[in-house]
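Structure file my_file_15.json; described as JSON, C-alpha atoms.
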```json
[["chain", "number", "residue", "atom", "x", "y", "z"],
["H", 1, "MET", "CA", 74.89, 67.23, 129.28],
["H", 2, "SER", "CA", 75.49, 70.44, 131.22],
["H", 3, "SER", "CA", 79.05, 69.39, 131.96],
["H", 4, "LEU", "CA", 79.58, 68.97, 128.20],
["H", 5, "VAL", "CA", 78.32, 72.53, 127.58],
["H", 6, "LEU", "CA", 80.52, 73.78, 130.42],
["H", 7, "ALA", "CA", 83.57, 72.03, 128.94],
["H", 8, "ALA", "CA", 82.82, 73.52, 125.51],
["H", 9, "SER", "CA", 82.56, 77.06, 126.88],
["H", 10, "ALA", "CA", 85.74, 76.54, 128.93],
["H", 11, "GLY", "CA", 87.52, 75.52, 125.71],
["H", 12, "ASN", "CA", 86.13, 78.65, 124.07],
["H", 13, "VAL", "CA", 87.44, 80.89, 126.85],
["H", 14, "LEU", "CA", 90.82, 79.18, 126.70],
["H", 15, "THR", "CA", 91.02, 79.76, 122.92],
["H", 16, "TRP", "CA", 90.19, 83.44, 123.47],
["H", 17, "VAL", "CA", 92.91, 83.72, 126.12],
["H", 18, "VAL", "CA", 95.53, 82.08, 123.86],
["H", 19, "TRP", "CA", 94.42, 84.26, 120.94],
["H", 20, "PHE", "CA", 94.63, 87.41, 123.03],
["H", 21, "GLY", "CA", 98.14, 86.59, 124.26],
["H", 22, "ALA", "CA", 99.41, 85.74, 120.77],
["H", 23, "ALA", "CA", 97.77, 88.78, 119.15],
["H", 24, "LEU", "CA", 99.13, 91.11, 121.84],
["H", 25, "ALA", "CA", 102.64, 89.66, 121.38],
["H", 26, "CYS", "CA", 102.26, 90.04, 117.60],
["H", 27, "VAL", "CA", 101.24, 93.70, 117.78],
["H", 28, "ALA", "CA", 103.83, 94.62, 120.44],
["H", 29, "SER", "CA", 106.73, 92.92, 118.67],
["H", 30, "GLY", "CA", 105.63, 94.44, 115.35],
["H", 31, "ILE", "CA", 105.86, 97.92, 116.86],
["H", 32, "ALA", "CA", 109.21, 96.97, 118.41],
["H", 33, "VAL", "CA", 110.63, 95.93, 115.00],
["H", 34, "VAL", "CA", 109.89, 99.37, 113.58],
["H", 35, "SER", "CA", 110.91, 101.45, 116.61],
["H", 36, "PHE", "CA", 114.24, 99.94, 117.77],
["H", 37, "SER", "CA", 117.24, 101.89, 116.51],
["H", 38, "ASN", "CA", 119.57, 98.86, 116.73],
["H", 39, "PRO", "CA", 118.81, 96.38, 113.90],
["H", 40, "PHE", "CA", 119.90, 93.48, 116.12],
["H", 41, "TYR", "CA", 117.03, 94.15, 118.54],
["H", 42, "SER", "CA", 114.67, 94.65, 115.59],
["H", 43, "ALA", "CA", 115.58, 91.21, 114.24],
["H", 44, "LEU", "CA", 115.06, 89.64, 117.69],
["H", 45, "ALA", "CA", 111.63, 91.33, 117.91],
["H", 46, "LEU", "CA", 110.78, 89.96, 114.46],
["H", 47, "ILE", "CA", 111.64, 86.44, 115.67],
["H", 48, "GLY", "CA", 109.17, 86.94, 118.54],
["H", 49, "ASN", "CA", 106.60, 88.23, 116.07],
["H", 50, "LEU", "CA", 107.02, 85.17, 113.82],
["H", 51, "ALA", "CA", 106.72, 82.78, 116.79],
["H", 52, "SER", "CA", 103.48, 84.39, 118.01],
["H", 53, "LEU", "CA", 102.17, 84.32, 114.43],
["H", 54, "ALA", "CA", 102.78, 80.57, 114.43],
["H", 55, "VAL", "CA", 100.46, 80.34, 117.48],
["H", 56, "LEU", "CA", 97.76, 82.23, 115.54],
["H", 57, "TYR", "CA", 98.24, 79.81, 112.60],
["H", 58, "LEU", "CA", 97.73, 76.88, 114.98],
["H", 59, "LEU", "CA", 94.49, 78.46, 116.23],
["H", 60, "LEU", "CA", 93.38, 78.67, 112.57],
["H", 61, "SER", "CA", 94.16, 74.91, 112.26],
["H", 62, "ALA", "CA", 97.04, 75.44, 109.83],
["H", 63, "GLU", "CA", 99.48, 73.08, 111.55],
["H", 64, "PHE", "CA", 101.89, 72.56, 108.67],
["H", 65, "VAL", "CA", 102.19, 76.29, 107.92],
["H", 66, "ALA", "CA", 102.85, 76.97, 111.61],
["H", 67, "ALA", "CA", 105.67, 74.40, 111.64],
["H", 68, "ALA", "CA", 107.12, 75.78, 108.39],
["H", 69, "GLN", "CA", 106.90, 79.29, 109.82],
["H", 70, "VAL", "CA", 109.01, 78.37, 112.85],
["H", 71, "LEU", "CA", 111.50, 76.23, 110.89],
["H", 72, "VAL", "CA", 111.96, 78.34, 107.75],
["H", 73, "TYR", "CA", 111.37, 81.85, 109.04],
["H", 74, "ALA", "CA", 112.31, 81.98, 112.68],
["H", 75, "GLY", "CA", 115.02, 79.38, 112.03],
["H", 76, "ALA", "CA", 116.74, 79.81, 108.67],
["H", 77, "VAL", "CA", 115.83, 83.31, 107.43],
["H", 78, "MET", "CA", 116.33, 85.09, 110.75],
["H", 79, "VAL", "CA", 119.67, 83.34, 111.39],
["H", 80, "MET", "CA", 120.84, 84.75, 108.05],
["H", 81, "PHE", "CA", 119.61, 88.19, 109.08],
["H", 82, "LEU", "CA", 121.43, 87.99, 112.41],
["H", 83, "PHE", "CA", 124.65, 86.90, 110.63],
["H", 84, "VAL", "CA", 124.54, 89.89, 108.29],
["H", 85, "ILE", "CA", 123.72, 92.28, 111.16],
["H", 86, "ALA", "CA", 126.63, 90.88, 113.17],
["H", 87, "TYR", "CA", 128.88, 91.31, 110.11],
["H", 88, "LEU", "CA", 127.83, 94.89, 109.40],
["H", 89, "GLY", "CA", 127.57, 96.02, 113.03],
["H", 90, "GLY", "CA", 124.54, 97.52, 114.74],
["H", 91, "ARG", "CA", 124.58, 100.91, 113.05],
["H", 92, "ALA", "CA", 121.22, 102.35, 112.06],
["H", 93, "ASP", "CA", 119.21, 105.52, 112.27],
["H", 94, "ALA", "CA", 116.98, 106.27, 115.22],
["H", 95, "PRO", "CA", 113.37, 106.18, 113.97],
["H", 96, "TRP", "CA", 112.63, 109.82, 114.86],
["H", 97, "ALA", "CA", 116.12, 111.30, 114.36],
["H", 98, "GLY", "CA", 116.12, 114.70, 112.67],
["H", 99, "GLY", "CA", 112.76, 115.89, 113.96],
["H", 100, "PRO", "CA", 109.44, 115.98, 112.14],
["H", 101, "SER", "CA", 109.44, 116.54, 108.39],
["H", 102, "LEU", "CA", 106.94, 116.36, 105.55],
["H", 103, "HIS", "CA", 108.29, 112.93, 104.65],
["H", 104, "ARG", "CA", 107.65, 111.64, 108.19],
["H", 105, "PHE", "CA", 104.08, 112.99, 108.27],
["H", 106, "ALA", "CA", 103.37, 111.46, 104.86],
["H", 107, "ALA", "CA", 104.73, 108.06, 105.99],
["H", 108, "VAL", "CA", 102.62, 108.02, 109.17],
["H", 109, "GLY", "CA", 99.58, 109.24, 107.22],
["H", 110, "ALA", "CA", 99.93, 106.49, 104.60],
["H", 111, "ALA", "CA", 100.30, 103.74, 107.24],
["H", 112, "VAL", "CA", 97.32, 105.03, 109.26],
["H", 113, "ALA", "CA", 95.25, 105.29, 106.05],
["H", 114, "ILE", "CA", 95.93, 101.62, 105.19],
["H", 115, "LEU", "CA", 95.00, 100.52, 108.72],
["H", 116, "VAL", "CA", 91.80, 102.62, 108.87],
["H", 117, "GLU", "CA", 90.67, 101.47, 105.42],
["H", 118, "VAL", "CA", 91.00, 97.78, 106.29],
["H", 119, "LEU", "CA", 89.42, 98.20, 109.74],
["H", 120, "VAL", "CA", 86.43, 100.10, 108.30],
["H", 121, "VAL", "CA", 85.83, 97.38, 105.69],
["H", 122, "LEU", "CA", 86.14, 94.71, 108.41],
["H", 123, "GLY", "CA", 83.73, 96.61, 110.63],
["H", 124, "LEU", "CA", 81.18, 96.84, 107.82],
["H", 125, "LYS", "CA", 81.51, 93.14, 107.02],
["H", 126, "ALA", "CA", 81.79, 91.79, 110.58],
["H", 127, "GLY", "CA", 78.97, 89.64, 111.84],
["H", 128, "GLY", "CA", 77.89, 88.60, 108.35],
["H", 129, "GLU", "CA", 79.70, 86.11, 106.20],
["H", 130, "LEU", "CA", 82.94, 86.50, 108.18],
["H", 131, "SER", "CA", 81.35, 84.94, 111.31],
["H", 132, "HIS", "CA", 80.36, 81.69, 109.63],
["H", 133, "PRO", "CA", 83.51, 79.66, 109.01],
["H", 134, "ALA", "CA", 83.17, 76.48, 106.98],
["H", 135, "ARG", "CA", 83.11, 73.10, 108.67],
["H", 136, "ILE", "CA", 86.49, 71.41, 108.27],
["H", 137, "SER", "CA", 87.59, 67.83, 108.63],
["H", 138, "GLY", "CA", 90.31, 66.69, 111.03],
["H", 139, "ASP", "CA", 93.10, 66.58, 108.42],
["H", 140, "PHE", "CA", 92.62, 70.22, 107.31],
["H", 141, "GLY", "CA", 96.07, 71.83, 107.27],
["H", 142, "SER", "CA", 97.91, 68.62, 108.10],
["H", 143, "PRO", "CA", 101.19, 67.85, 106.26],
["H", 144, "ALA", "CA", 99.49, 65.02, 104.31],
["H", 145, "GLU", "CA", 96.71, 67.32, 103.08],
["H", 146, "ILE", "CA", 99.14, 70.14, 102.15],
["H", 147, "GLY", "CA", 101.36, 67.62, 100.31],
["H", 148, "ARG", "CA", 98.38, 66.22, 98.41],
["H", 149, "LEU", "CA", 97.28, 69.74, 97.37],
["H", 150, "PHE", "CA", 100.82, 70.72, 96.35],
["H", 151, "LEU", "CA", 101.27, 67.66, 94.15],
["H", 152, "THR", "CA", 97.79, 67.62, 92.57],
["H", 153, "ASP", "CA", 95.80, 70.87, 92.41],
["H", 154, "HIS", "CA", 98.69, 73.32, 92.83],
["H", 155, "LEU", "CA", 101.52, 71.53, 91.04],
["H", 156, "LEU", "CA", 102.38, 74.62, 88.95],
["H", 157, "ALA", "CA", 102.77, 76.79, 92.08],
["H", 158, "PHE", "CA", 105.05, 74.10, 93.56],
["H", 159, "GLU", "CA", 107.29, 74.01, 90.48],
["H", 160, "ILE", "CA", 107.43, 77.82, 90.17],
["H", 161, "THR", "CA", 108.40, 78.02, 93.87],
["H", 162, "SER", "CA", 111.33, 75.67, 93.28],
["H", 163, "VAL", "CA", 112.49, 77.72, 90.25],
["H", 164, "VAL", "CA", 112.23, 80.97, 92.30],
["H", 165, "LEU", "CA", 114.35, 79.47, 95.08],
["H", 166, "LEU", "CA", 116.94, 78.24, 92.56],
["H", 167, "ILE", "CA", 117.17, 81.67, 90.90],
["H", 168, "ALA", "CA", 117.53, 83.34, 94.32],
["H", 169, "ALA", "CA", 120.36, 80.95, 95.24],
["H", 170, "VAL", "CA", 122.16, 81.69, 91.96],
["H", 171, "GLY", "CA", 121.58, 85.43, 92.49],
["H", 172, "GLY", "CA", 123.05, 85.27, 96.00],
["H", 173, "VAL", "CA", 126.17, 83.50, 94.73],
["H", 174, "VAL", "CA", 126.61, 85.96, 91.82],
["H", 175, "LEU", "CA", 126.18, 89.00, 94.13],
["H", 176, "GLY", "CA", 128.72, 87.59, 96.60],
["H", 177, "SER", "CA", 131.37, 86.70, 94.02],
["H", 178, "HIS", "CA", 130.90, 90.01, 92.15],
["H", 179, "ALA", "CA", 131.50, 92.00, 95.32],
["H", 180, "ARG", "CA", 134.63, 89.95, 96.05],
["H", 181, "ARG", "CA", 136.01, 90.57, 92.53],
["H", 182, "LEU", "CA", 135.37, 94.32, 92.82],
["H", 183, "GLN", "CA", 137.17, 94.38, 96.14],
["H", 184, "ALA", "CA", 140.14, 92.48, 94.65],
["H", 185, "GLU", "CA", 140.31, 94.92, 91.71],
["H", 186, "GLU", "CA", 140.25, 97.93, 94.02],
["H", 187, "ALA", "CA", 142.94, 96.38, 96.21],
["H", 188, "GLY", "CA", 145.05, 95.70, 93.07],
["H", 189, "LEU", "CA", 144.73, 99.29, 91.85],
["H", 190, "GLU", "CA", 145.89, 100.84, 95.09],
["B", 1, "MET", "CA", 85.12, 77.32, 115.25],
["B", 2, "LYS", "CA", 86.02, 78.05, 118.86],
["B", 3, "GLY", "CA", 87.35, 81.39, 120.01],
["B", 4, "PRO", "CA", 87.47, 84.63, 118.03],
["B", 5, "ASP", "CA", 85.97, 85.16, 114.58],
["B", 6, "VAL", "CA", 88.07, 85.42, 111.44],
["B", 7, "THR", "CA", 87.46, 89.20, 111.67],
["B", 8, "TRP", "CA", 89.76, 89.47, 114.71],
["B", 9, "TYR", "CA", 92.59, 87.67, 112.92],
["B", 10, "LEU", "CA", 92.14, 89.99, 109.94],
["B", 11, "GLY", "CA", 92.39, 92.98, 112.28],
["B", 12, "VAL", "CA", 95.75, 91.74, 113.60],
["B", 13, "ALA", "CA", 96.87, 91.12, 109.99],
["B", 14, "ALA", "CA", 95.90, 94.67, 109.00],
["B", 15, "PHE", "CA", 97.77, 96.10, 111.98],
["B", 16, "MET", "CA", 100.92, 94.12, 111.11],
["B", 17, "PHE", "CA", 100.74, 95.24, 107.48],
["B", 18, "ALA", "CA", 100.33, 98.90, 108.48],
["B", 19, "THR", "CA", 103.21, 98.69, 110.99],
["B", 20, "GLY", "CA", 105.45, 97.15, 108.33],
["B", 21, "ALA", "CA", 104.46, 99.84, 105.81],
["B", 22, "LEU", "CA", 105.28, 102.51, 108.38],
["B", 23, "GLY", "CA", 108.73, 100.94, 108.90],
["B", 24, "VAL", "CA", 109.42, 100.74, 105.15],
["B", 25, "LEU", "CA", 108.46, 104.40, 104.66],
["B", 26, "LEU", "CA", 110.01, 105.80, 107.83],
["B", 27, "ARG", "CA", 113.31, 104.01, 108.45],
["B", 28, "ARG", "CA", 116.43, 104.71, 106.42],
["B", 29, "SER", "CA", 118.59, 101.69, 107.30],
["B", 30, "PRO", "CA", 118.12, 99.10, 104.51],
["B", 31, "LEU", "CA", 118.37, 96.28, 107.09],
["B", 32, "ILE", "CA", 115.37, 97.58, 109.01],
["B", 33, "VAL", "CA", 113.51, 98.27, 105.75],
["B", 34, "LEU", "CA", 113.96, 94.55, 104.90],
["B", 35, "LEU", "CA", 112.77, 93.53, 108.38],
["B", 36, "SER", "CA", 109.67, 95.73, 108.00],
["B", 37, "LEU", "CA", 109.05, 94.18, 104.59],
["B", 38, "GLU", "CA", 109.00, 90.77, 106.30],
["B", 39, "LEU", "CA", 106.42, 92.17, 108.70],
["B", 40, "MET", "CA", 104.20, 93.21, 105.76],
["B", 41, "LEU", "CA", 104.54, 89.82, 104.07],
["B", 42, "ASN", "CA", 103.61, 88.06, 107.31],
["B", 43, "GLY", "CA", 100.57, 90.26, 107.77],
["B", 44, "ALA", "CA", 99.41, 89.22, 104.30],
["B", 45, "ASN", "CA", 100.15, 85.57, 105.17],
["B", 46, "LEU", "CA", 97.97, 85.77, 108.29],
["B", 47, "ALA", "CA", 95.08, 87.16, 106.21],
["B", 48, "LEU", "CA", 95.53, 84.36, 103.64],
["B", 49, "ILE", "CA", 95.43, 81.67, 106.33],
["B", 50, "ALA", "CA", 92.44, 83.27, 108.05],
["B", 51, "PHE", "CA", 90.50, 83.24, 104.77],
["B", 52, "SER", "CA", 91.65, 79.66, 104.13],
["B", 53, "ARG", "CA", 90.05, 78.72, 107.46],
["B", 54, "LEU", "CA", 86.90, 80.73, 106.67],
["B", 55, "HIS", "CA", 86.28, 78.99, 103.35],
["B", 56, "GLY", "CA", 87.57, 75.60, 104.45],
["B", 57, "GLY", "CA", 89.86, 75.26, 101.40],
["B", 58, "GLY", "CA", 93.59, 74.60, 101.40],
["B", 59, "ALA", "CA", 94.47, 77.02, 98.59],
["B", 60, "GLY", "CA", 95.14, 79.90, 101.00],
["B", 61, "GLN", "CA", 97.68, 77.84, 102.90],
["B", 62, "ILE", "CA", 99.40, 76.84, 99.64],
["B", 63, "PHE", "CA", 99.54, 80.54, 98.73],
["B", 64, "ALA", "CA", 101.01, 81.36, 102.16],
["B", 65, "LEU", "CA", 103.74, 78.74, 101.72],
["B", 66, "SER", "CA", 104.59, 80.19, 98.29],
["B", 67, "VAL", "CA", 104.79, 83.67, 99.84],
["B", 68, "MET", "CA", 107.24, 82.26, 102.42],
["B", 69, "ALA", "CA", 109.45, 80.93, 99.61],
["B", 70, "VAL", "CA", 109.35, 84.29, 97.82],
["B", 71, "ALA", "CA", 110.18, 86.06, 101.10],
["B", 72, "ALA", "CA", 113.18, 83.78, 101.67],
["B", 73, "SER", "CA", 114.42, 84.51, 98.11],
["B", 74, "GLU", "CA", 113.92, 88.24, 98.63],
["B", 75, "VAL", "CA", 115.96, 88.12, 101.85],
["B", 76, "VAL", "CA", 118.82, 86.28, 100.09],
["B", 77, "VAL", "CA", 119.04, 88.85, 97.28],
["B", 78, "GLY", "CA", 118.40, 91.85, 99.57],
["B", 79, "LEU", "CA", 121.03, 90.86, 102.11],
["B", 80, "GLY", "CA", 123.46, 90.10, 99.25],
["B", 81, "LEU", "CA", 122.95, 93.64, 97.94],
["B", 82, "ILE", "CA", 123.37, 95.17, 101.41],
["B", 83, "VAL", "CA", 126.63, 93.25, 102.00],
["B", 84, "ALA", "CA", 127.89, 94.29, 98.54],
["B", 85, "MET", "CA", 127.08, 97.93, 99.36],
["B", 86, "ALA", "CA", 128.86, 97.69, 102.71],
["B", 87, "ARG", "CA", 131.95, 96.16, 101.04],
["B", 88, "ARG", "CA", 132.20, 99.14, 98.68],
["B", 89, "ASN", "CA", 132.03, 101.43, 101.74],
["B", 90, "LEU", "CA", 128.74, 103.03, 100.72],
["B", 91, "THR", "CA", 126.64, 104.58, 103.48],
["B", 92, "LEU", "CA", 123.81, 102.24, 104.44],
["B", 93, "ASP", "CA", 121.08, 104.86, 104.10],
["B", 94, "VAL", "CA", 118.33, 104.43, 101.52],
["B", 95, "ASP", "CA", 117.92, 108.22, 101.18],
["B", 96, "LYS", "CA", 121.59, 108.73, 100.24],
["B", 97, "LEU", "CA", 121.87, 105.89, 97.71],
["B", 98, "THR", "CA", 121.06, 108.08, 94.73],
["B", 99, "TRP", "CA", 123.95, 107.46, 92.35],
["B", 100, "LEU", "CA", 121.83, 105.25, 90.05],
["B", 101, "ARG", "CA", 119.50, 108.20, 89.45],
["B", 102, "GLY", "CA", 119.69, 109.37, 85.83]]
```
Please lay out the structure from this file as structure tokens.
Amino acid sequence: MSSLVLAASAGNVLTWVVWFGAALACVASGIAVVSFSNPFYSALALIGNLASLAVLYLLLSAEFVAAAQVLVYAGAVMVMFLFVIAYLGGRADAPWAGGPSLHRFAAVGAAVAILVEVLVVLGLKAGGELSHPARISGDFGSPAEIGRLFLTDHLLAFEITSVVLLIAAVGGVVLGSHARRLQAEEAGLE
Amino acid sequence: MKGPDVTWYLGVAAFMFATGALGVLLRRSPLIVLLSLELMLNGANLALIAFSRLHGGGAGQIFALSVMAVAASEVVVGLGLIVAMARRNLTLDVDKLTWLRG
């Protein structure tokens, strides 16, 4: 019996250690995204951020979302970002170029205000309802469960998502071909 | 639930959202503004999934997946706009793109 308790507390400590590593990586790479002056490094930091977020999703037993995060975000979306950054070159402003200004102070003040507001609310609510998570079954967050929810309770969200993706694809094609036509017209005029 | 409370996850989510907001407000390169926007969306996603775990319902995860689809669409259109701006030799600086102002 005591070995069971010991094993349970060891699992608890291990979860804390994994959480701490993932959360630290999340926070550090988030700061790196905002503070690098080269957008290429920012995009690489965002990939690290998305990967450590996937670890946090796994700790929250959202296996399918964690897999989708790595495949869709860290895979597809960030590859597109890196392509565009490679195409445009790594030119960007340094985050603090030009010295302090009213605009800078206002930006930092707004961000700090958001953070403090949320942390104060969390501090007031901590220990109460937030510390009593519901009991979940083994298939919570599994692909089968997510698929069942998508095709029964949340069918409308599923269909709207597909329409949004279709519109975005059409928009991307229209933007690309429009830019090409403009370029051809300008080349013809000169 | 082993390990940290949902509160700790929500703290990380709040920090990511605030960092992303700082990037959107502070940086002038539209590429980095888009990257910071992704950071904000992912902070919101982490909060959604934490609450999904707290209440034991799958709706939060469904919402998070929909947010991912919207984020992918936003990146497609945003990057398309940035490439179109670069092709017309406009400066990639969100403070200097003022020629649509009436």
> chain H residues within 6 Å of chain B, counting all atoms listed in the file: which ones, as a PyMOL selection string?
Replying inline: chain H and resi 12+15-16+34+92+95+107+111+115+131+133-134+136+165+168+172+175+179
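CA of Ala66 (chain H) to CA of Phe36 (chain H) spans 26.4 Å [interatomic distance, one decimal].
CA of Tyr87 (chain H) to CA of Ala28 (chain H) spans 27.3 Å [interatomic distance, one decimal].
We find CA of Phe83 (chain H) and CA of Lys96 (chain B) to be spaced 24.4 Å apart.
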> Which neighbours of Glu63 (chain H) fall inside 10 Å, counting only C-alpha atoms, when residues of the same chain fewer than 2 positions from it are skipped, and could you give them as a PyMOL selection string?
Replying inline: chain H and resi 54-55+57-61+65-69+139-143+146
